[in-house]
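Reviewing the structure listed below.
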Amino acid sequence: MPGPNKPSLSQINHGLAPLVDDLLLAWDPGFFFTRMHLYPSGHLCQSAVIPLVCDIMGVRQAGGFAGPTNTIFCSCCFFTRDRIEEFKSSEWSMRSCTEHRQFAEKWRDAQTVEEQRDIVDCYGVRYSEPLRLPYWNPVLFTVLDSMHTDFLLKLHHHMRNIWGADPSLPLGEGYQAPTTHPTRPSDSALATVLGREVLEEVWKDQERTQLPSFMTAAPKVAADKRTPTADHWRSIGLIHLVITLIRLWGQDERCKGDMLHNYMHLVMAIHISNMQSMLNDKIDLYSYHYKKYFCGVLDLHKEARIRPVHHMGFHYDMLLRAFGPVHSWWAWAFERFNYTLQNIKTNSKFGRLLIWFLSSLQLIP
């Protein structure tokens with residue numbers, strides 16, 4: 001798959017097939033090393049690869065699930081978009097590995113594209129090459145990467161879409177006036193929570209705040225034309241807004257105070273889920289704060305658009321219990337490496353990128 005565009009739904013399996021062939025050998029029979037430090041006479045090693053770490057679109061494509069815009073969009077349960085505001089997990093029909101394999105094989109053996117499309121619409125499943133691995137559990141191993149879901153989606157959506165951030169508008173009340181006509185400037189002013197007055201205070205606090213070395217300094221909120229990265233959203237959402245909004249709204253007993261408390265539930269949920277150590281008590285605390293945040297959004301921002309990623313956050317506790325702290329299965333390192341590769345000037349010549357990569361690792365002269 002030379003690119004430059006991402007592979008289509010039909011191409012992705014052709015690219016994964018050689019990798020899965022090697023992974024099958026690594027699992028059974030494995031590789032025998034003739035001499036090792038602890039095993040001078042040699043030792044048989046078997047290896048498996050879990051989990052699948054990508055952004056939401058990539059993980060759905062490689063994992064064999066329908067995209068987040070599909071009617072059945074969740075990779076953990078058979079939840080439909082018309083019920084996206086429900087939060088009682090006891091009423092959800094959860095997916096199983098056995099059912100997924102049955103539906104995926106049914107999609108693979110379908111005779112027409114229309115049959116395959118019907119299967120995707122009914123079950124939200126496609127066939128993917130990792131299903132050839134005997135240990136592969138697509139429901140559990142298709143994880144939600146915290147870099148994309150927490151910072152690039154949840155924090156971004158709350159600040160930009162639910163609250164609204166525009167330095168050209170005054171401070172609003174955080175709701176969109178119901179209308180039967182096209183949106184007017186006055187409607188936007190009512191809906192913009194992070195208006196001129198608040199953003200000016202945020203910018204002042206940003207200049208006075210000294211961040212630790214492991215945090216990336218963020219551009220001015222809503223003032224810089226650059227697209228914020230996940231590092232930027234982490235600094236803005238978990239530090240700068242928290243400092244300023246507590247100072248401005250901490251004593252407010254009306255709408256602004258309620259919005260602050262609701263936002264702090266999101267901050268706490270993201271903070272807990274990204275800790276470097278994880279216990280069952282912390283996972284339960286994450287679930288508590290996230291449910292409070294979700295219910296608060298439905299109550300305070302009735303016109304807000306709930307996105308699939310908000311529902312998927314309710315399944316995050318399952319992943320934390322299965323894989324532990326997210327630092328071992330998030331995408332920060334991979335995305336930084338992708339950024340490095342994307343900045344290499346190859347002049348669209350196929351194979352030059354591979355040659356540069358091998359030479360940089362000193363595998364070829």
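Naming works like this for the structure tokens: A, B, ... for the chains as they're shown, residue 1 at the start of each chain, ligands 1 onward in shown order.
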
Handout entry: Shell around A:Arg336 at 12 Å using only C-alpha atoms, local window under 4 positions removed, as a ChimeraX atom specification
Key = /A:147,229-231,330-332,340-343

Restricted to N, CA and C atoms, what would the selected residues look like written as a PDB file, in the first residue's frame?
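And here's out09.pdb as it stands now:
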```pdb
ATOM      1  N   MET A 147      -5.227   9.241  23.800  1.00  0.00           N
ATOM      2  CA  MET A 147      -4.751  10.460  23.159  1.00  0.00           C
ATOM      3  C   MET A 147      -5.807  11.044  22.230  1.00  0.00           C
ATOM      4  N   THR A 229      -2.640  20.516  18.925  1.00  0.00           N
ATOM      5  CA  THR A 229      -2.348  19.097  18.993  1.00  0.00           C
ATOM      6  C   THR A 229      -2.943  18.506  20.261  1.00  0.00           C
ATOM      7  N   ALA A 230      -2.812  17.210  20.422  1.00  0.00           N
ATOM      8  CA  ALA A 230      -3.296  16.568  21.649  1.00  0.00           C
ATOM      9  C   ALA A 230      -2.561  17.104  22.873  1.00  0.00           C
ATOM     10  N   ASP A 231      -1.243  17.368  22.740  1.00  0.00           N
ATOM     11  CA  ASP A 231      -0.481  17.965  23.839  1.00  0.00           C
ATOM     12  C   ASP A 231      -1.053  19.324  24.220  1.00  0.00           C
ATOM     13  N   TRP A 330      -1.243   3.593  24.646  1.00  0.00           N
ATOM     14  CA  TRP A 330      -1.750   4.789  23.986  1.00  0.00           C
ATOM     15  C   TRP A 330      -0.884   5.103  22.770  1.00  0.00           C
ATOM     16  N   ALA A 331      -1.266   6.096  21.995  1.00  0.00           N
ATOM     17  CA  ALA A 331      -0.692   6.304  20.661  1.00  0.00           C
ATOM     18  C   ALA A 331       0.264   7.484  20.577  1.00  0.00           C
ATOM     19  N   TRP A 332       0.662   8.064  21.700  1.00  0.00           N
ATOM     20  CA  TRP A 332       1.524   9.247  21.633  1.00  0.00           C
ATOM     21  C   TRP A 332       2.813   8.968  20.859  1.00  0.00           C
ATOM     22  N   THR A 340       7.061  12.380  12.121  1.00  0.00           N
ATOM     23  CA  THR A 340       8.413  12.402  11.552  1.00  0.00           C
ATOM     24  C   THR A 340       8.419  11.857  10.128  1.00  0.00           C
ATOM     25  N   LEU A 341       7.717  10.747   9.922  1.00  0.00           N
ATOM     26  CA  LEU A 341       7.664  10.147   8.589  1.00  0.00           C
ATOM     27  C   LEU A 341       6.962  11.062   7.587  1.00  0.00           C
ATOM     28  N   GLN A 342       5.895  11.724   8.023  1.00  0.00           N
ATOM     29  CA  GLN A 342       5.139  12.586   7.121  1.00  0.00           C
ATOM     30  C   GLN A 342       5.931  13.805   6.680  1.00  0.00           C
ATOM     31  N   ASN A 343       6.948  14.184   7.446  1.00  0.00           N
ATOM     32  CA  ASN A 343       7.739  15.353   7.099  1.00  0.00           C
ATOM     33  C   ASN A 343       8.957  15.023   6.247  1.00  0.00           C
TER      34      ASN A 343
END
```

With only C-alpha atoms as the counted atoms, please give the residues lying no more than 7 Å from A:Trp233, apart from itself and same-chain residues fewer than 3 positions off, as a tab-separated table (two decimals) with N, CA and C atoms, in the first residue's frame.
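Writing the result to part_4.tsv gives the following:
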```tsv
chain	number	residue	atom	x	y	z
A	151	PHE	N	-8.31	13.72	24.52
A	151	PHE	CA	-7.81	15.07	24.28
A	151	PHE	C	-8.26	15.64	22.93
A	152	LEU	N	-8.14	14.86	21.86
A	152	LEU	CA	-8.51	15.38	20.55
A	152	LEU	C	-10.01	15.36	20.30
A	155	LEU	N	-12.23	16.64	25.07
A	155	LEU	CA	-11.91	18.00	25.50
A	155	LEU	C	-12.16	19.00	24.38
A	156	HIS	N	-11.73	18.66	23.18
A	156	HIS	CA	-11.94	19.55	22.03
A	156	HIS	C	-13.43	19.80	21.80
A	228	PRO	N	-4.60	23.02	17.28
A	228	PRO	CA	-3.98	22.48	18.49
A	228	PRO	C	-3.75	20.98	18.40
A	229	THR	N	-2.64	20.52	18.92
A	229	THR	CA	-2.35	19.10	18.99
A	229	THR	C	-2.94	18.51	20.26
A	230	ALA	N	-2.81	17.21	20.42
A	230	ALA	CA	-3.30	16.57	21.65
A	230	ALA	C	-2.56	17.10	22.87
A	236	ILE	N	-4.34	22.93	27.75
A	236	ILE	CA	-5.45	23.88	27.82
A	236	ILE	C	-6.57	23.35	28.73
A	237	GLY	N	-6.97	22.09	28.48
A	237	GLY	CA	-8.13	21.55	29.17
A	237	GLY	C	-7.91	21.16	30.61
```

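Assigned to helix (DSSP H, G or I) in stretch 75-106 of chain A, given DSSP computed from backbone atoms, are Arg81, Asp82, Arg83, Ser89, Ser90, Glu91, Cys97, Thr98, Glu99, His100, Arg101, Gln102, Phe103, Ala104, Glu105 and Lys106 of chain A.
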
Exercise for the section: Extract, using only C-alpha atoms, all DNA, RNA and protein residues at most 12 Å from A:Thr209, discarding same-chain residues fewer than 5 positions from it, and format them as a PyMOL selection string. Expected result: chain A and resi 202-204+215+217-218+235-236+239-244

Exercise for the section: Write out as JSON, numbers by chain each polymer residue whose atoms come within 12 Å of A:Asp150, counting only C-alpha atoms; drop sequence neighbours fewer than 5 positions from it. Expected result: {"A": [55, 56, 144, 145, 155, 156, 157, 158, 230, 231, 233, 234, 237, 238, 266, 267, 268, 269, 270, 271, 272, 273, 274, 290, 309, 310, 312, 313, 316, 326, 330, 331]}

Kindly export the residues of the current selection with N, CA and C atoms, as an mmCIF file, in the first residue's frame.
```cif
data_model
loop_
_atom_site.group_PDB
_atom_site.id
_atom_site.type_symbol
_atom_site.label_atom_id
_atom_site.label_comp_id
_atom_site.auth_asym_id
_atom_site.auth_seq_id
_atom_site.Cartn_x
_atom_site.Cartn_y
_atom_site.Cartn_z
ATOM 1 N N ASP A 55 -6.034 5.502 15.920
ATOM 2 C CA ASP A 55 -7.122 6.440 16.135
ATOM 3 C C ASP A 55 -8.443 5.724 15.879
ATOM 4 N N ILE A 56 -9.575 6.388 16.108
ATOM 5 C CA ILE A 56 -10.864 5.700 16.059
ATOM 6 C C ILE A 56 -11.147 5.142 14.670
ATOM 7 N N LEU A 144 -9.667 1.840 22.803
ATOM 8 C CA LEU A 144 -9.894 3.265 22.581
ATOM 9 C C LEU A 144 -8.663 4.007 23.076
ATOM 10 N N ASP A 145 -7.920 4.590 22.170
ATOM 11 C CA ASP A 145 -6.701 5.290 22.545
ATOM 12 C C ASP A 145 -7.028 6.600 23.246
ATOM 13 N N LEU A 155 -12.229 16.636 25.069
ATOM 14 C CA LEU A 155 -11.906 17.997 25.496
ATOM 15 C C LEU A 155 -12.162 19.000 24.377
ATOM 16 N N HIS A 156 -11.733 18.663 23.180
ATOM 17 C CA HIS A 156 -11.941 19.548 22.032
ATOM 18 C C HIS A 156 -13.427 19.798 21.799
ATOM 19 N N HIS A 157 -14.233 18.738 21.841
ATOM 20 C CA HIS A 157 -15.662 18.882 21.580
ATOM 21 C C HIS A 157 -16.339 19.711 22.666
ATOM 22 N N HIS A 158 -15.936 19.509 23.908
ATOM 23 C CA HIS A 158 -16.585 20.258 24.989
ATOM 24 C C HIS A 158 -16.276 21.752 24.882
ATOM 25 N N ALA A 230 -2.812 17.210 20.422
ATOM 26 C CA ALA A 230 -3.296 16.568 21.649
ATOM 27 C C ALA A 230 -2.561 17.104 22.873
ATOM 28 N N ASP A 231 -1.243 17.368 22.740
ATOM 29 C CA ASP A 231 -0.481 17.965 23.839
ATOM 30 C C ASP A 231 -1.053 19.324 24.220
ATOM 31 N N TRP A 233 -4.188 20.429 23.731
ATOM 32 C CA TRP A 233 -5.499 20.279 24.370
ATOM 33 C C TRP A 233 -5.344 19.796 25.803
ATOM 34 N N ARG A 234 -4.336 18.968 26.055
ATOM 35 C CA ARG A 234 -4.103 18.510 27.430
ATOM 36 C C ARG A 234 -3.733 19.684 28.333
ATOM 37 N N GLY A 237 -6.974 22.094 28.476
ATOM 38 C CA GLY A 237 -8.135 21.554 29.169
ATOM 39 C C GLY A 237 -7.907 21.159 30.606
ATOM 40 N N LEU A 238 -6.729 20.628 30.914
ATOM 41 C CA LEU A 238 -6.481 20.116 32.259
ATOM 42 C C LEU A 238 -5.769 21.109 33.168
ATOM 43 N N LEU A 266 -15.427 15.952 33.987
ATOM 44 C CA LEU A 266 -14.686 15.488 32.804
ATOM 45 C C LEU A 266 -13.191 15.532 33.055
ATOM 46 N N VAL A 267 -12.712 16.616 33.672
ATOM 47 C CA VAL A 267 -11.285 16.739 33.972
ATOM 48 C C VAL A 267 -10.834 15.606 34.896
ATOM 49 N N MET A 268 -11.610 15.320 35.922
ATOM 50 C CA MET A 268 -11.247 14.251 36.848
ATOM 51 C C MET A 268 -11.258 12.891 36.168
ATOM 52 N N ALA A 269 -12.255 12.649 35.312
ATOM 53 C CA ALA A 269 -12.320 11.366 34.608
ATOM 54 C C ALA A 269 -11.097 11.173 33.713
ATOM 55 N N ILE A 270 -10.706 12.214 32.977
ATOM 56 C CA ILE A 270 -9.537 12.115 32.103
ATOM 57 C C ILE A 270 -8.263 11.984 32.921
ATOM 58 N N HIS A 271 -8.166 12.738 33.996
ATOM 59 C CA HIS A 271 -6.975 12.669 34.851
ATOM 60 C C HIS A 271 -6.807 11.268 35.439
ATOM 61 N N ILE A 272 -7.878 10.696 35.955
ATOM 62 C CA ILE A 272 -7.796 9.372 36.572
ATOM 63 C C ILE A 272 -7.468 8.303 35.537
ATOM 64 N N SER A 273 -8.113 8.361 34.377
ATOM 65 C CA SER A 273 -7.894 7.315 33.365
ATOM 66 C C SER A 273 -6.498 7.369 32.767
ATOM 67 N N ASN A 274 -5.797 8.496 32.898
ATOM 68 C CA ASN A 274 -4.442 8.616 32.350
ATOM 69 C C ASN A 274 -3.354 8.535 33.415
ATOM 70 N N TYR A 290 -17.209 10.079 35.135
ATOM 71 C CA TYR A 290 -17.625 10.151 33.733
ATOM 72 C C TYR A 290 -19.143 10.116 33.597
ATOM 73 N N VAL A 309 -18.077 8.997 20.625
ATOM 74 C CA VAL A 309 -16.980 8.874 21.575
ATOM 75 C C VAL A 309 -17.461 9.052 23.005
ATOM 76 N N HIS A 310 -18.556 9.804 23.205
ATOM 77 C CA HIS A 310 -19.084 9.956 24.556
ATOM 78 C C HIS A 310 -19.652 8.636 25.074
ATOM 79 N N MET A 312 -18.671 5.645 24.029
ATOM 80 C CA MET A 312 -17.551 4.712 24.178
ATOM 81 C C MET A 312 -16.818 4.913 25.494
ATOM 82 N N GLY A 313 -16.883 6.133 26.035
ATOM 83 C CA GLY A 313 -16.230 6.378 27.320
ATOM 84 C C GLY A 313 -16.765 5.514 28.437
ATOM 85 N N TYR A 316 -14.663 2.369 28.878
ATOM 86 C CA TYR A 316 -13.243 2.541 29.163
ATOM 87 C C TYR A 316 -12.819 1.775 30.407
ATOM 88 N N VAL A 326 -2.950 3.371 30.898
ATOM 89 C CA VAL A 326 -3.010 3.614 29.454
ATOM 90 C C VAL A 326 -1.639 3.901 28.857
ATOM 91 N N TRP A 330 -1.243 3.593 24.646
ATOM 92 C CA TRP A 330 -1.750 4.789 23.986
ATOM 93 C C TRP A 330 -0.884 5.103 22.770
ATOM 94 N N ALA A 331 -1.266 6.096 21.995
ATOM 95 C CA ALA A 331 -0.692 6.304 20.661
ATOM 96 C C ALA A 331 0.264 7.484 20.577
#
```
